[in-house]
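With compact mmCIF, C-alpha atoms (C1' of nucleotides) inside, this is work-v3.txt:
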```txt
# COMPACT_ATOMS: atom_id res chain seq x y z
CA MET W 1 59.82 -10.57 62.49
CA PRO W 2 60.28 -9.07 65.84
CA GLU W 3 59.48 -11.22 68.84
CA LEU W 4 61.03 -14.46 69.99
CA PRO W 5 58.91 -16.93 67.99
CA GLU W 6 59.42 -15.01 64.76
CA VAL W 7 63.16 -14.67 65.34
CA GLU W 8 63.40 -18.38 66.13
CA VAL W 9 61.66 -19.18 62.84
CA VAL W 10 64.36 -17.17 61.09
CA ARG W 11 67.13 -18.86 63.10
CA ARG W 12 65.87 -22.27 62.00
CA GLY W 13 65.88 -21.12 58.40
CA LEU W 14 69.48 -19.95 58.73
CA GLU W 15 70.44 -23.23 60.34
CA ARG W 16 69.02 -25.08 57.38
CA TRP W 17 70.09 -22.87 54.50
CA VAL W 18 73.20 -20.98 55.60
CA ALA W 19 75.14 -23.07 58.14
CA GLY W 20 78.45 -24.36 56.79
CA ARG W 21 78.60 -21.93 53.87
CA THR W 22 81.62 -19.74 53.16
CA VAL W 23 81.26 -16.05 52.30
CA THR W 24 82.83 -14.75 49.12
CA GLU W 25 81.35 -11.28 48.89
CA VAL W 26 79.48 -8.82 51.09
CA GLU W 27 77.68 -5.73 49.84
CA VAL W 28 76.56 -3.16 52.38
CA LEU W 29 73.95 -1.03 50.65
CA HIS W 30 72.85 1.16 53.57
CA PRO W 31 75.10 2.44 56.36
CA ARG W 32 72.37 2.27 59.02
CA ALA W 33 72.17 -1.49 58.59
CA VAL W 34 75.69 -1.79 60.05
CA ARG W 35 75.54 1.08 62.54
CA ARG W 36 76.21 -1.30 65.40
CA HIS W 37 79.46 -2.20 63.67
CA PRO W 38 81.55 0.81 64.70
CA ALA W 39 84.32 0.24 62.13
CA GLY W 40 81.79 0.67 59.32
CA GLY W 41 80.47 -1.18 56.32
CA ALA W 42 83.77 -1.65 54.48
CA ASP W 43 85.35 -3.20 57.56
CA PHE W 44 82.30 -5.40 58.10
CA ALA W 45 82.52 -6.68 54.54
CA ALA W 46 86.27 -7.22 54.61
CA ARG W 47 86.26 -9.10 57.89
CA LEU W 48 83.33 -11.32 56.91
CA THR W 49 84.67 -12.30 53.50
CA GLY W 50 86.27 -15.74 53.48
CA GLN W 51 84.66 -16.79 56.76
CA ARG W 52 82.46 -19.85 57.20
CA PHE W 53 79.13 -19.65 59.04
CA GLU W 54 78.39 -22.10 61.80
CA VAL W 55 74.91 -22.95 63.11
CA ALA W 56 72.87 -19.86 63.95
CA ARG W 57 72.11 -19.20 67.60
CA ARG W 58 69.59 -16.98 69.34
CA ARG W 59 68.88 -15.28 72.64
CA GLY W 60 65.62 -13.41 72.94
CA LYS W 61 65.23 -11.37 69.77
CA TYR W 62 68.93 -11.40 68.90
CA LEU W 63 70.41 -14.02 66.64
CA TRP W 64 73.97 -14.61 65.56
CA LEU W 65 76.03 -16.67 63.17
CA PRO W 66 79.34 -17.78 64.70
CA LEU W 67 82.23 -17.68 62.24
CA ALA W 68 84.22 -20.91 62.26
CA GLU W 69 87.54 -20.84 64.12
CA SER W 70 87.53 -17.10 64.57
CA GLY W 71 86.02 -16.40 67.98
CA THR W 72 83.71 -13.89 66.33
CA SER W 73 80.15 -13.89 65.06
CA VAL W 74 77.78 -11.89 62.93
CA LEU W 75 75.11 -10.56 65.24
CA GLY W 76 71.71 -9.69 63.82
CA HIS W 77 68.65 -7.91 65.13
CA LEU W 78 65.55 -7.49 63.00
CA GLY W 79 64.27 -4.37 64.71
CA MET W 80 60.71 -3.61 63.68
CA SER W 81 60.86 -4.61 60.03
CA GLY W 82 64.04 -6.54 59.34
CA GLN W 83 64.09 -9.74 57.29
CA LEU W 84 66.82 -12.26 56.58
CA LEU W 85 66.01 -13.91 53.28
CA VAL W 86 67.69 -16.72 51.37
CA GLN W 87 67.05 -15.73 47.77
CA PRO W 88 68.10 -17.14 44.43
CA GLU W 89 71.13 -15.35 43.02
CA GLY W 90 69.86 -12.97 40.41
CA ALA W 91 66.42 -12.50 41.96
CA ALA W 92 65.42 -8.85 41.69
CA ASP W 93 66.66 -6.69 44.56
CA GLU W 94 64.06 -5.92 47.19
CA LYS W 95 63.19 -2.23 47.56
CA HIS W 96 64.69 -2.16 51.05
CA LEU W 97 67.64 -4.49 50.47
CA ARG W 98 70.38 -3.32 52.86
CA ILE W 99 73.03 -6.07 52.88
CA ARG W 100 73.82 -8.91 50.46
CA ILE W 101 76.04 -11.86 51.32
CA ARG W 102 77.26 -14.21 48.56
CA PHE W 103 78.72 -17.68 49.03
CA ASP W 104 81.42 -19.74 47.34
CA ASP W 105 79.30 -22.87 46.75
CA SER W 106 76.96 -23.88 43.95
CA ALA W 107 73.73 -23.76 45.98
CA GLY W 108 72.57 -20.84 43.84
CA THR W 109 71.32 -18.74 46.75
CA GLU W 110 72.49 -15.69 48.66
CA LEU W 111 71.62 -14.24 52.05
CA ARG W 112 69.90 -10.85 52.11
CA PHE W 113 69.14 -8.46 54.92
CA VAL W 114 66.07 -6.43 53.98
CA ASP W 115 64.74 -3.75 56.32
CA GLN W 116 62.20 -1.06 55.59
CA ARG W 117 62.59 1.02 58.74
CA THR W 118 66.29 0.36 59.34
CA PHE W 119 65.90 -0.24 63.06
CA GLY W 120 67.61 -3.61 62.65
CA GLY W 121 71.06 -4.49 61.45
CA LEU W 122 74.09 -6.78 61.33
CA SER W 123 77.45 -6.36 63.05
CA LEU W 124 80.59 -8.36 63.88
CA HIS W 125 81.64 -9.00 67.46
CA ASP W 126 84.02 -11.05 69.53
CA GLN W 127 82.48 -13.85 71.52
CA THR W 128 82.63 -14.12 75.27
CA PRO W 129 83.83 -17.38 76.84
CA ALA W 130 80.15 -18.29 77.15
CA GLY W 131 79.86 -18.11 73.37
CA LEU W 132 77.79 -14.94 73.33
CA PRO W 133 78.55 -11.86 71.21
CA ASP W 134 80.12 -9.45 73.70
CA VAL W 135 77.60 -6.65 73.14
CA ILE W 136 74.55 -8.64 74.27
CA GLY W 137 75.78 -9.49 77.73
CA HIS W 138 72.95 -7.41 79.21
CA ILE W 139 70.26 -9.50 77.48
CA ALA W 140 68.65 -11.95 79.88
CA ARG W 141 68.03 -15.57 78.97
CA ASP W 142 64.70 -16.09 77.25
CA PRO W 143 61.92 -18.36 78.52
CA LEU W 144 62.61 -21.03 75.91
CA ASP W 145 66.26 -21.29 77.00
CA PRO W 146 66.75 -24.57 78.90
CA GLU W 147 68.91 -22.68 81.38
CA PHE W 148 66.31 -20.01 82.10
CA ASP W 149 65.96 -19.80 85.88
CA ASP W 150 62.23 -19.71 86.67
CA ALA W 151 62.58 -19.08 90.38
CA ALA W 152 65.12 -16.30 89.88
CA PHE W 153 62.91 -14.62 87.30
CA GLN W 154 59.86 -14.73 89.54
CA SER W 155 61.77 -13.25 92.45
CA ALA W 156 63.32 -10.53 90.31
CA LEU W 157 59.95 -9.69 88.80
CA ARG W 158 58.33 -9.24 92.17
CA LEU W 159 61.23 -7.12 93.42
CA ARG W 160 60.91 -4.64 90.59
CA ARG W 161 59.27 -1.34 91.37
CA THR W 162 57.45 -0.99 88.10
CA THR W 163 54.37 -2.31 86.34
CA VAL W 164 54.05 -5.77 84.93
CA LYS W 165 54.04 -5.06 81.20
CA ARG W 166 57.03 -2.75 81.46
CA ALA W 167 58.86 -5.54 83.25
CA LEU W 168 57.97 -8.10 80.59
CA LEU W 169 59.36 -5.83 77.89
CA ASP W 170 62.60 -5.28 79.80
CA GLN W 171 65.05 -7.47 77.89
CA SER W 172 67.48 -7.47 80.80
CA LEU W 173 64.91 -9.20 83.01
CA ILE W 174 63.44 -11.66 80.50
CA SER W 175 64.22 -11.52 76.79
CA GLY W 176 62.20 -12.26 73.71
CA VAL W 177 58.89 -10.80 74.88
CA GLY W 178 57.52 -7.91 72.82
CA ASN W 179 54.24 -6.05 72.60
CA ILE W 180 52.21 -8.89 71.09
CA TYR W 181 53.23 -11.72 73.38
CA ALA W 182 53.18 -9.48 76.46
CA ASP W 183 49.52 -8.64 75.77
CA GLU W 184 48.71 -12.27 75.00
CA ALA W 185 50.35 -13.61 78.17
CA LEU W 186 48.71 -10.91 80.31
CA TRP W 187 45.29 -11.74 78.85
CA ARG W 188 45.80 -15.44 79.54
CA SER W 189 46.87 -14.55 83.09
CA ARG W 190 43.94 -12.12 83.62
CA LEU W 191 46.42 -9.42 84.56
CA HIS W 192 46.12 -5.73 83.70
CA TYR W 193 49.21 -4.25 82.05
CA ASP W 194 49.53 -1.56 84.73
CA ARG W 195 49.54 -3.97 87.64
CA PRO W 196 52.50 -3.19 89.92
CA THR W 197 54.93 -6.10 89.87
CA ALA W 198 55.30 -5.87 93.65
CA THR W 199 51.66 -6.95 94.08
CA LEU W 200 52.11 -10.23 92.20
CA THR W 201 52.04 -13.28 94.39
CA ARG W 202 54.46 -16.10 93.79
CA PRO W 203 51.76 -18.31 92.18
CA ARG W 204 50.60 -15.44 89.96
CA SER W 205 54.12 -14.79 88.72
CA ALA W 206 54.60 -18.51 88.09
CA GLU W 207 51.35 -18.63 86.14
CA LEU W 208 52.37 -15.61 84.08
CA LEU W 209 55.67 -17.21 83.13
CA GLY W 210 53.84 -20.37 82.16
CA HIS W 211 51.55 -18.42 79.86
CA ILE W 212 54.48 -16.60 78.27
CA ARG W 213 56.04 -19.95 77.44
CA ASP W 214 52.79 -21.48 76.24
CA VAL W 215 51.89 -18.64 73.90
CA MET W 216 55.40 -18.49 72.46
CA ASN W 217 55.50 -22.22 71.84
CA ALA W 218 52.06 -22.14 70.25
CA ALA W 219 53.14 -19.31 67.94
CA LEU W 220 56.37 -21.07 67.06
CA ALA W 221 54.46 -24.22 66.12
CA VAL W 222 52.65 -22.33 63.35
CA GLY W 223 55.53 -20.24 62.09
CA GLY W 224 55.01 -17.12 64.22
CA THR W 225 52.73 -14.11 63.87
CA SER W 226 52.44 -12.28 60.53
CA PHE W 227 49.91 -9.55 59.86
CA ASP W 228 51.53 -8.70 56.56
CA SER W 229 54.45 -9.56 54.30
CA LEU W 230 56.88 -7.73 56.58
CA TYR W 231 57.14 -10.75 58.88
CA VAL W 232 58.30 -13.82 57.04
CA ASN W 233 60.75 -16.69 57.32
CA VAL W 234 63.94 -16.90 55.26
CA ASN W 235 61.90 -18.23 52.34
CA GLY W 236 59.47 -15.32 52.49
CA GLU W 237 56.59 -17.29 54.01
CA SER W 238 54.23 -15.92 56.70
CA GLY W 239 53.25 -17.61 59.95
CA TYR W 240 49.68 -18.22 61.04
CA PHE W 241 49.54 -17.26 64.69
CA ASP W 242 47.68 -13.99 63.96
CA ARG W 243 44.54 -16.15 63.77
CA SER W 244 45.08 -17.35 67.30
CA LEU W 245 45.67 -13.99 68.99
CA ASP W 246 43.30 -13.39 71.91
CA ALA W 247 44.23 -9.81 72.76
CA TYR W 248 46.63 -8.05 70.43
CA GLY W 249 44.87 -6.06 67.71
CA ARG W 250 41.37 -7.02 68.90
CA GLU W 251 40.01 -3.61 69.91
CA ASP W 252 36.18 -3.65 70.08
CA GLU W 253 36.07 -7.37 69.37
CA PRO W 254 34.55 -9.63 72.03
CA CYS W 255 36.82 -11.09 74.67
CA ARG W 256 37.14 -14.80 73.91
CA ARG W 257 36.49 -15.57 77.59
CA CYS W 258 33.66 -13.27 78.60
CA GLY W 259 32.43 -11.49 75.46
CA THR W 260 33.14 -7.99 76.75
CA PRO W 261 34.51 -5.72 73.99
CA MET W 262 38.28 -5.57 74.17
CA ARG W 263 39.96 -2.21 74.63
CA ARG W 264 43.06 -0.55 73.32
CA ARG W 265 45.00 1.97 75.36
CA ALA W 266 47.84 4.18 74.22
CA TRP W 267 50.76 3.09 76.31
CA MET W 268 54.44 3.99 76.05
CA ASN W 269 54.13 5.23 72.46
CA ARG W 270 52.43 2.00 71.48
CA SER W 271 49.26 0.13 72.38
CA SER W 272 48.02 -2.26 75.01
CA TYR W 273 45.05 -4.49 74.29
CA PHE W 274 43.11 -5.96 77.20
CA CYS W 275 39.71 -7.08 78.39
CA PRO W 276 38.28 -4.49 80.80
CA ARG W 277 36.38 -7.20 82.66
CA CYS W 278 38.88 -10.07 82.86
CA GLN W 279 41.87 -7.78 83.36
CA ARG W 280 40.79 -5.27 85.98
CA PRO W 281 43.00 -2.22 86.45
CA PRO W 282 44.91 -2.13 89.72
CA ARG W 283 43.50 -0.16 92.60
CA PRO W 284 45.11 3.28 92.56
CA THR W 285 47.80 3.40 95.23
CA VAL W 286 47.75 6.29 97.66
C1' DA G 1 70.88 3.16 90.25
C1' DG G 2 66.81 2.37 88.22
C1' DG G 3 62.73 3.71 86.07
C1' DG G 4 60.51 6.35 82.39
C1' DT G 5 60.55 9.17 77.83
C1' DC G 6 61.77 9.90 73.41
C1' DA G 7 64.23 9.64 68.98
C1' DC G 8 65.53 6.78 65.48
C1' DC G 9 63.12 5.37 60.24
C1' DT G 10 59.69 4.30 56.33
C1' DG G 11 55.38 3.08 55.16
C1' DT G 12 50.19 2.53 55.43
C1' DC G 13 45.70 3.78 56.68
C1' DG G 14 41.72 6.57 57.89
C1' DG G 15 39.60 11.10 58.34
C1' DC G 16 38.70 15.46 56.37
C1' DT K 1 42.89 13.34 45.20
C1' DG K 2 45.79 15.10 48.63
C1' DC K 3 47.28 16.33 53.07
C1' DC K 4 47.97 15.21 57.91
C1' DG K 5 48.16 12.75 61.94
C1' DA K 6 48.17 8.28 64.13
C1' DC K 7 50.20 4.09 64.26
C1' DA K 8 53.38 -0.19 63.38
C1' DG K 9 56.09 -6.36 65.94
C1' DG K 10 62.18 -2.60 69.14
C1' DT K 11 66.02 -0.58 71.29
C1' DG K 12 68.90 2.32 73.88
C1' DA K 13 70.61 7.14 74.86
C1' DC K 14 69.36 10.27 77.90
C1' DC K 15 66.81 12.38 81.40
C1' DC K 16 65.45 12.63 86.52
```
Starting from the file, lay out its structure as structure tokens.
Amino acid sequence: MPELPEVEVVRRGLERWVAGRTVTEVEVLHPRAVRRHPAGGADFAARLTGQRFEVARRRGKYLWLPLAESGTSVLGHLGMSGQLLVQPEGAADEKHLRIRIRFDDSAGTELRFVDQRTFGGLSLHDQTPAGLPDVIGHIARDPLDPEFDDAAFQSALRLRRTTVKRALLDQSLISGVGNIYADEALWRSRLHYDRPTATLTRPRSAELLGHIRDVMNAALAVGGTSFDSLYVNVNGESGYFDRSLDAYGREDEPCRRCGTPMRRRAWMNRSSYFCPRCQRPPRPTV
DNA sequence: AGGGTCACCTGTCGGC
DNA sequence: TGCCGACAGGTGACCC
């Protein structure tokens, strides 16, 4: 569940089903799932056992479970294919089950980290005075954070010497935006992905930020975007926002504004979807 | 220093 | 059928 709305859906599930529970056993079934925990899987398991989870928090695409009275937290990132699932004890292991966490209560469920491509993982970190795991200090606030500074973001965006989609995907400038919501916000803003950030006016950058927020909130309201069973909440359920996408994945389909067939362009080892009429490419600079 | 490229994985899909 | 390449929602180490 990679981008902000999908991660927030997972965070809410953890808040409901995992907060307040005490860990009795941790099984690390694949070393890559704890590769961001330098001391290794055995240390991760030993240090987590006996600890009690507090309410899950999130910044951008990272989420973490603070451990009560310890000054540490379990940090999680879902990568491209990670899932955090609350499953009945005894349910058959998923094919890509990487980490299992058991609890001391009688709720009858356990927490599982399942990840096909192993780009995601869990790790244990000290918290900074601000309450953030120390290794994500470089991650900017996300646009749904009440303390996100709109004016500062707009200024920083326009000062960058890069192109607008690159900037949106830079998690140290604004976090939580990935390939889907970048394309959606750019389509709503009528901006081409290769538009130099320096050419954005203040109103255009404000409008872009507004569209990022709007599209993320709209996705969150319907449980996020799921094209397949890889992207689900902690109960294994998909979101519905794929039906509302205007740009992402719509190659050759008519633009919902002007009817022109949408295009896909290879871009940074991935794809950008855009309307060639509504989102004109920037004039080549000399 | 900051921007841009590529590797890291496993799986699916479409073309031949 | 099978093989092969393209592609998939992300990140950060490493270039220049």
Using all atoms listed in the file, which chain K residues lie at most 9 Å away from chain W, written as a PyMOL selection string? chain K and resi 7-11
May I have the residues of chain W within 12 Å of chain G, counting all atoms listed in the file, written as a list in words?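 So the residues of chain W near chain G are Arg32, Ala33, Arg35, Gly79, Met80, Ser81, Gly82, Lys95, His96, Asp115, Gln116, Arg117, Thr118, Phe119, Gly120, Arg160, Arg161, Thr162, Thr163, Arg166, Ala167, Asp170, Asp228, Leu230, Trp267, Met268 and Asn269 of chain W.
Excluding W:Ser123 and any residue on its chain fewer than 5 positions from it, the residues at most 6 Å away by only C-alpha atoms (C1' of nucleotides) are Val34, Arg36, His37, Val74 and Leu75 of chain W.
Counting from atom CA of W:Val9, the distance to atom CA of W:Gly131 is 21.1 Å.
The coordinates place atom CA of W:Leu67 at 18.7 Å from atom CA of W:Pro38.
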What would the list of residues within 10 Å of (65.0, -16.4, 79.0) (file frame) look like as an MDAnalysis selection string, if all atoms listed in the file are what count? chainID W and resid 59:60 139:150 153 171:177 213
For atom CA of W:Arg263 and atom CA of W:Glu251, the interatomic separation in Å (one decimal):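 According to the coordinates, atom CA of W:Arg263 and atom CA of W:Glu251 are separated by 4.9 Å.
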Shell around stretch 48-51 of chain W at 7 Å using only C-alpha atoms (C1' of nucleotides), local window under 6 positions removed, as a VMD selection string: chain W and resid 22 to 26 67 to 68
